[in-house]
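See structure below.
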Amino acid sequence: MTLFVEQVLNGLQYGSMLFLLASGLTLIFGIMGVINLTHGAFYMVGAYSAAFAVLSTGSFLVGIAAALIGAGLYAVLVEIAVVQWLYRRDHLYQVLATLGLILFTNEAVSLIFGRRPPLMDIPPFLQGSVPLFPGLDYPLMRLAFIAVGAMVAIGLWALVNHTRVGMLIRAGADDREMVDALGVDIRRLYTLVFGLGGALCGLAGVMAAPLLAIEIGMGERVLITTFVVIVVGGVGSVRGALVGALLVGMVDSLGRAYIPQLLQLSLPAATADTLGAGLVSASIYVLMAIVLLVRPNGLLPARG
Amino acid sequence: MNRSAFTRRVIVASLASAAALPMTQSAFAQAGASAPVTIGFITTLSTPAGYIGEDIRAGFQLALTDGKLGGVPVNLAVEDDALKPANAKQAADRLIQSGVKLFTGVNFSNVLAAVVPGVLESGGYYVSLNPGPSSFAGERCHRNYFVASYQNDAFHEAAGLSANRLGYKRVALLAPNYQAGRDALEGFKRTFKGEIVGEIYTKLDQTDFSVELARIRSLAPEAIYQFHPGGAGINFAKQYANAGLGKSVPMLIPAFSMDAHMVGATGDAADGIYASAIWTPETNTPASKAFVDAFRKAYSRTPTMYAQQAYDTANLIGSALKAVNGDLGKQDEFRKALRAVQFTAVRGKFSFGPNQHPVQDYYLTKFEKRPSGEIAQTIVRKIAEDYGDAYAAQCKIN
């Protein structure tokens, strides 16, 4: 039972991180129709900015600000310098350009910050673990991560559904020309969405940095999982990103905990271990395949 | 050549180089200075594991004096493999074609497997300064292939012996799901006498271990043994401590799961961890102290075990180059000189077994926080003396 509760918490925490990454990506992918492979790089830029802000000031809050600003500004820069020119082009151009930007960002970060990855400790007020019930101490940092994910989910829901900007974003996704004709600068709106997506990546970066490793190429690893999340949830929908992120997070953490154990009941240990490890890595793709079979547009697609 | 002509040439050579170099070396070495020996040095300098390659190169270069090893001028042809076997193979082929006969530098078993066969087929030598995979230690051993570090399994066998010595009865094992990871756990199980309560395989590039930590908690072992070198090991140790497991379930590792760089990265999370090792920066011998001091002076950081192994390997190669005066064509003499181990190893006792893999001492070490706040890897006791490996008997070189 303790194991189950702990795994659910782990799933929630992983889901939070995926949600922070996927919500921006789904807006960009679904609303602007841009395949942005650079999205993972924003996450890395956020983590690096935070690490160096924390190293030079010692304050985690400054680190959060640095991550949001660093990743957000970099996203805006990428949009203005490159992506803006590709909205009307074929997806292949976008893939090539943003793939090139991944390589560029990785090299630029290693030139600026050096090849040795920086290190970031868990801030003192989030260190250690708290007893949730007897026998289960859960790390405070991971609980904070879950809380941040929940706050962002509420904030994004409010932004998209109850503000003028959110209305414009939704309208721009449906009919770009019409919004343009009504006198709204759609280009600036897209730049804004890109910046917002980047800032959310930065937030994921600063929360993940003390738990995971900061390194060149850290974004590419999560990028594929993030795409799985938005495909499962339905492209373009923030609600879908939330559901997809939680589902993928749960399947991953519960799968990693229980698949090897279940296999060990029926198979010899050596086979079970190898097979289990393989199945565990494949579990989220199996989930994606099932979702696509049942609902080809994802669970909660933006448009009907 | 008559003696006076030789002397005259030596004098001329000495004078010429005295004009060019601030320091004059022995006349004998100068005579061979015309053709430096090129050493193919393929290692991992980029990727998060790049710090390992940097330390390997730094350690190797520290053994050079004025560009010479054993008095013979050498030229290091350094290539970055980016941890990709295919890159390493390409670089090796290129170097082989340009006539390079002597290779070292690789720091990962899977990369080594791509480099070594080509080098040996071309009649070259490979001296390994880190990996010693089982595949080349037994029947496929080769007279031109030397391992100056350790045989992979032996390290984990020493850890199994350490677990027995520490009195652990129920141990859970963790390693990444690839050849070296599975070998690590096999090696441990070969010598460990207690019960294995669980074997958990992680993904090779995993960074978050929350799920595995939850499983360890539910298995409730007396101790764990985990093999995660480089970045994954940093994360594992940090998350293990942060989850509160560090206090209740002690951790035993092979030394590469917590090298000097990783100690700096994990901070207090390393406190209290036990490790099997062949050397630590705390090894109390004059050679080791001199090495650590020289390394700190040259690079302003504490050397990792990778740097120490590279330094020892460089000196081993130097001793053999000296014996043949830089002429790699003298094959029998060169091999004989390598086998003879005519240098003082930083790690202490060192010799070659019949498969040209090390026979050496292994230690149980412990990471402890000093009153000054720094974490030091102190030696608890010798755990295996003159320890070879399980594959030596299958090797028929001679």
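Every chain in the structure tokens has a letter given in the order shown (A, B, ...), and although residue numbers restart at 1 in each chain, ligands are simply numbered from 1 in the order shown.
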
Contact residues (chain B, partner chain A, 7 Å, only C-alpha atoms) as a PyMOL selection string: chain B and resi 48+51+201+207-208+210-211+214-215+218+231+235+239+242-244+265

Can you spit out the residues from that selection as a PDB file, in the first residue's frame, using C-alpha atoms?
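Dumped to selection-v1.pdb:
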```
ATOM      1  CA  PRO B  48      27.930  14.811 -19.651  1.00  0.00           C
ATOM      2  CA  TYR B  51      34.615  15.249 -17.516  1.00  0.00           C
ATOM      3  CA  TYR B 201      17.432  -2.661 -13.771  1.00  0.00           C
ATOM      4  CA  THR B 207      17.866  10.707 -14.403  1.00  0.00           C
ATOM      5  CA  ASP B 208      14.954  10.246 -12.015  1.00  0.00           C
ATOM      6  CA  SER B 210      12.017   7.998  -7.530  1.00  0.00           C
ATOM      7  CA  VAL B 211      10.320   4.776  -8.627  1.00  0.00           C
ATOM      8  CA  ALA B 214      10.148   3.438  -3.648  1.00  0.00           C
ATOM      9  CA  ARG B 215      10.810  -0.180  -4.544  1.00  0.00           C
ATOM     10  CA  SER B 218       9.293  -1.683   0.032  1.00  0.00           C
ATOM     11  CA  GLY B 231      25.695  11.815 -14.176  1.00  0.00           C
ATOM     12  CA  ASN B 235      21.403  11.899  -9.293  1.00  0.00           C
ATOM     13  CA  GLN B 239      17.864  11.427  -4.541  1.00  0.00           C
ATOM     14  CA  ASN B 242      16.882  13.265  -0.113  1.00  0.00           C
ATOM     15  CA  ALA B 243      14.357  10.428   0.163  1.00  0.00           C
ATOM     16  CA  GLY B 244      15.701   9.669   3.627  1.00  0.00           C
ATOM     17  CA  ALA B 265      28.512  17.345  -7.243  1.00  0.00           C
TER      18      ALA B 265
END
```

Using DSSP secondary structure from the backbone, list all alpha helix (DSSP H) positions within stretch 73-113 of chain B, as a PDB file with N, CA and C atoms, in the first residue's frame.
```pdb
ATOM      1  N   PRO B  85      30.336   4.458 -30.129  1.00  0.00           N
ATOM      2  CA  PRO B  85      31.288   3.483 -30.662  1.00  0.00           C
ATOM      3  C   PRO B  85      31.627   3.746 -32.131  1.00  0.00           C
ATOM      4  N   ALA B  86      30.636   4.169 -32.920  1.00  0.00           N
ATOM      5  CA  ALA B  86      30.889   4.376 -34.353  1.00  0.00           C
ATOM      6  C   ALA B  86      31.896   5.507 -34.573  1.00  0.00           C
ATOM      7  N   ASN B  87      31.763   6.593 -33.811  1.00  0.00           N
ATOM      8  CA  ASN B  87      32.730   7.698 -33.915  1.00  0.00           C
ATOM      9  C   ASN B  87      34.135   7.214 -33.594  1.00  0.00           C
ATOM     10  N   ALA B  88      34.232   6.420 -32.524  1.00  0.00           N
ATOM     11  CA  ALA B  88      35.534   5.947 -32.071  1.00  0.00           C
ATOM     12  C   ALA B  88      36.173   5.050 -33.126  1.00  0.00           C
ATOM     13  N   LYS B  89      35.349   4.197 -33.725  1.00  0.00           N
ATOM     14  CA  LYS B  89      35.847   3.269 -34.751  1.00  0.00           C
ATOM     15  C   LYS B  89      36.397   4.044 -35.947  1.00  0.00           C
ATOM     16  N   GLN B  90      35.644   5.063 -36.352  1.00  0.00           N
ATOM     17  CA  GLN B  90      36.103   5.909 -37.469  1.00  0.00           C
ATOM     18  C   GLN B  90      37.447   6.557 -37.166  1.00  0.00           C
ATOM     19  N   ALA B  91      37.529   7.149 -35.978  1.00  0.00           N
ATOM     20  CA  ALA B  91      38.767   7.825 -35.590  1.00  0.00           C
ATOM     21  C   ALA B  91      39.921   6.837 -35.558  1.00  0.00           C
ATOM     22  N   ALA B  92      39.644   5.634 -35.031  1.00  0.00           N
ATOM     23  CA  ALA B  92      40.697   4.626 -34.932  1.00  0.00           C
ATOM     24  C   ALA B  92      41.164   4.205 -36.327  1.00  0.00           C
ATOM     25  N   ASP B  93      40.219   3.979 -37.241  1.00  0.00           N
ATOM     26  CA  ASP B  93      40.589   3.566 -38.595  1.00  0.00           C
ATOM     27  C   ASP B  93      41.456   4.619 -39.273  1.00  0.00           C
ATOM     28  N   ARG B  94      41.073   5.880 -39.067  1.00  0.00           N
ATOM     29  CA  ARG B  94      41.835   6.969 -39.676  1.00  0.00           C
ATOM     30  C   ARG B  94      43.269   6.969 -39.143  1.00  0.00           C
ATOM     31  N   LEU B  95      43.390   6.809 -37.823  1.00  0.00           N
ATOM     32  CA  LEU B  95      44.723   6.829 -37.219  1.00  0.00           C
ATOM     33  C   LEU B  95      45.550   5.623 -37.660  1.00  0.00           C
ATOM     34  N   ILE B  96      44.874   4.456 -37.753  1.00  0.00           N
ATOM     35  CA  ILE B  96      45.587   3.240 -38.181  1.00  0.00           C
ATOM     36  C   ILE B  96      46.152   3.466 -39.579  1.00  0.00           C
ATOM     37  N   GLN B  97      45.337   4.055 -40.453  1.00  0.00           N
ATOM     38  CA  GLN B  97      45.787   4.281 -41.836  1.00  0.00           C
ATOM     39  C   GLN B  97      46.949   5.249 -41.913  1.00  0.00           C
ATOM     40  N   SER B 109      33.330   0.629 -21.956  1.00  0.00           N
ATOM     41  CA  SER B 109      33.468  -0.735 -22.473  1.00  0.00           C
ATOM     42  C   SER B 109      32.889  -0.878 -23.873  1.00  0.00           C
ATOM     43  N   ASN B 110      31.717  -0.262 -24.119  1.00  0.00           N
ATOM     44  CA  ASN B 110      31.085  -0.444 -25.430  1.00  0.00           C
ATOM     45  C   ASN B 110      31.874   0.252 -26.538  1.00  0.00           C
ATOM     46  N   VAL B 111      32.552   1.360 -26.193  1.00  0.00           N
ATOM     47  CA  VAL B 111      33.394   2.043 -27.173  1.00  0.00           C
ATOM     48  C   VAL B 111      34.664   1.229 -27.412  1.00  0.00           C
ATOM     49  N   LEU B 112      35.198   0.682 -26.322  1.00  0.00           N
ATOM     50  CA  LEU B 112      36.412  -0.129 -26.432  1.00  0.00           C
ATOM     51  C   LEU B 112      36.196  -1.298 -27.390  1.00  0.00           C
ATOM     52  N   ALA B 113      35.023  -1.925 -27.285  1.00  0.00           N
ATOM     53  CA  ALA B 113      34.725  -3.088 -28.121  1.00  0.00           C
ATOM     54  C   ALA B 113      34.761  -2.735 -29.605  1.00  0.00           C
TER      55      ALA B 113
END
```

Review point. Out of A:Leu293, A:Leu262, A:Val45, A:Val206, which residue has the shortest atom-to-atom distance to A:Ile64 when counting only C-alpha atoms?
Key: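 Ranking A:Leu293, A:Leu262, A:Val45, A:Val206 by distance to A:Ile64, first place goes to A:Val206.
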
Pairwise distance, atom CA of B:Tyr391 with atom CA of B:Ser134, equals 7.2 Å

All residues 7 Å or closer to stretch 245-249 of chain A, only C-alpha atoms, same chain fewer than 5 positions away omitted, as number ranges by chain: A: 11-12, 14-15, 18-19, 229, 284

Could you take the residues named above and write them with C-alpha atoms, as a PDB file, in the first residue's frame?
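Output below, filename out_39.pdb:
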```pdb
ATOM      1  CA  GLY A  11       3.452   9.778 -11.015  1.00  0.00           C
ATOM      2  CA  LEU A  12       1.885  13.099 -10.036  1.00  0.00           C
ATOM      3  CA  TYR A  14       6.432  13.425 -13.160  1.00  0.00           C
ATOM      4  CA  GLY A  15       3.052  14.401 -14.582  1.00  0.00           C
ATOM      5  CA  LEU A  18       5.373  16.902 -18.263  1.00  0.00           C
ATOM      6  CA  PHE A  19       2.400  19.263 -17.986  1.00  0.00           C
ATOM      7  CA  VAL A 229       1.723  13.633 -23.881  1.00  0.00           C
ATOM      8  CA  ILE A 284       4.035   4.988 -22.513  1.00  0.00           C
TER       9      ILE A 284
END
```
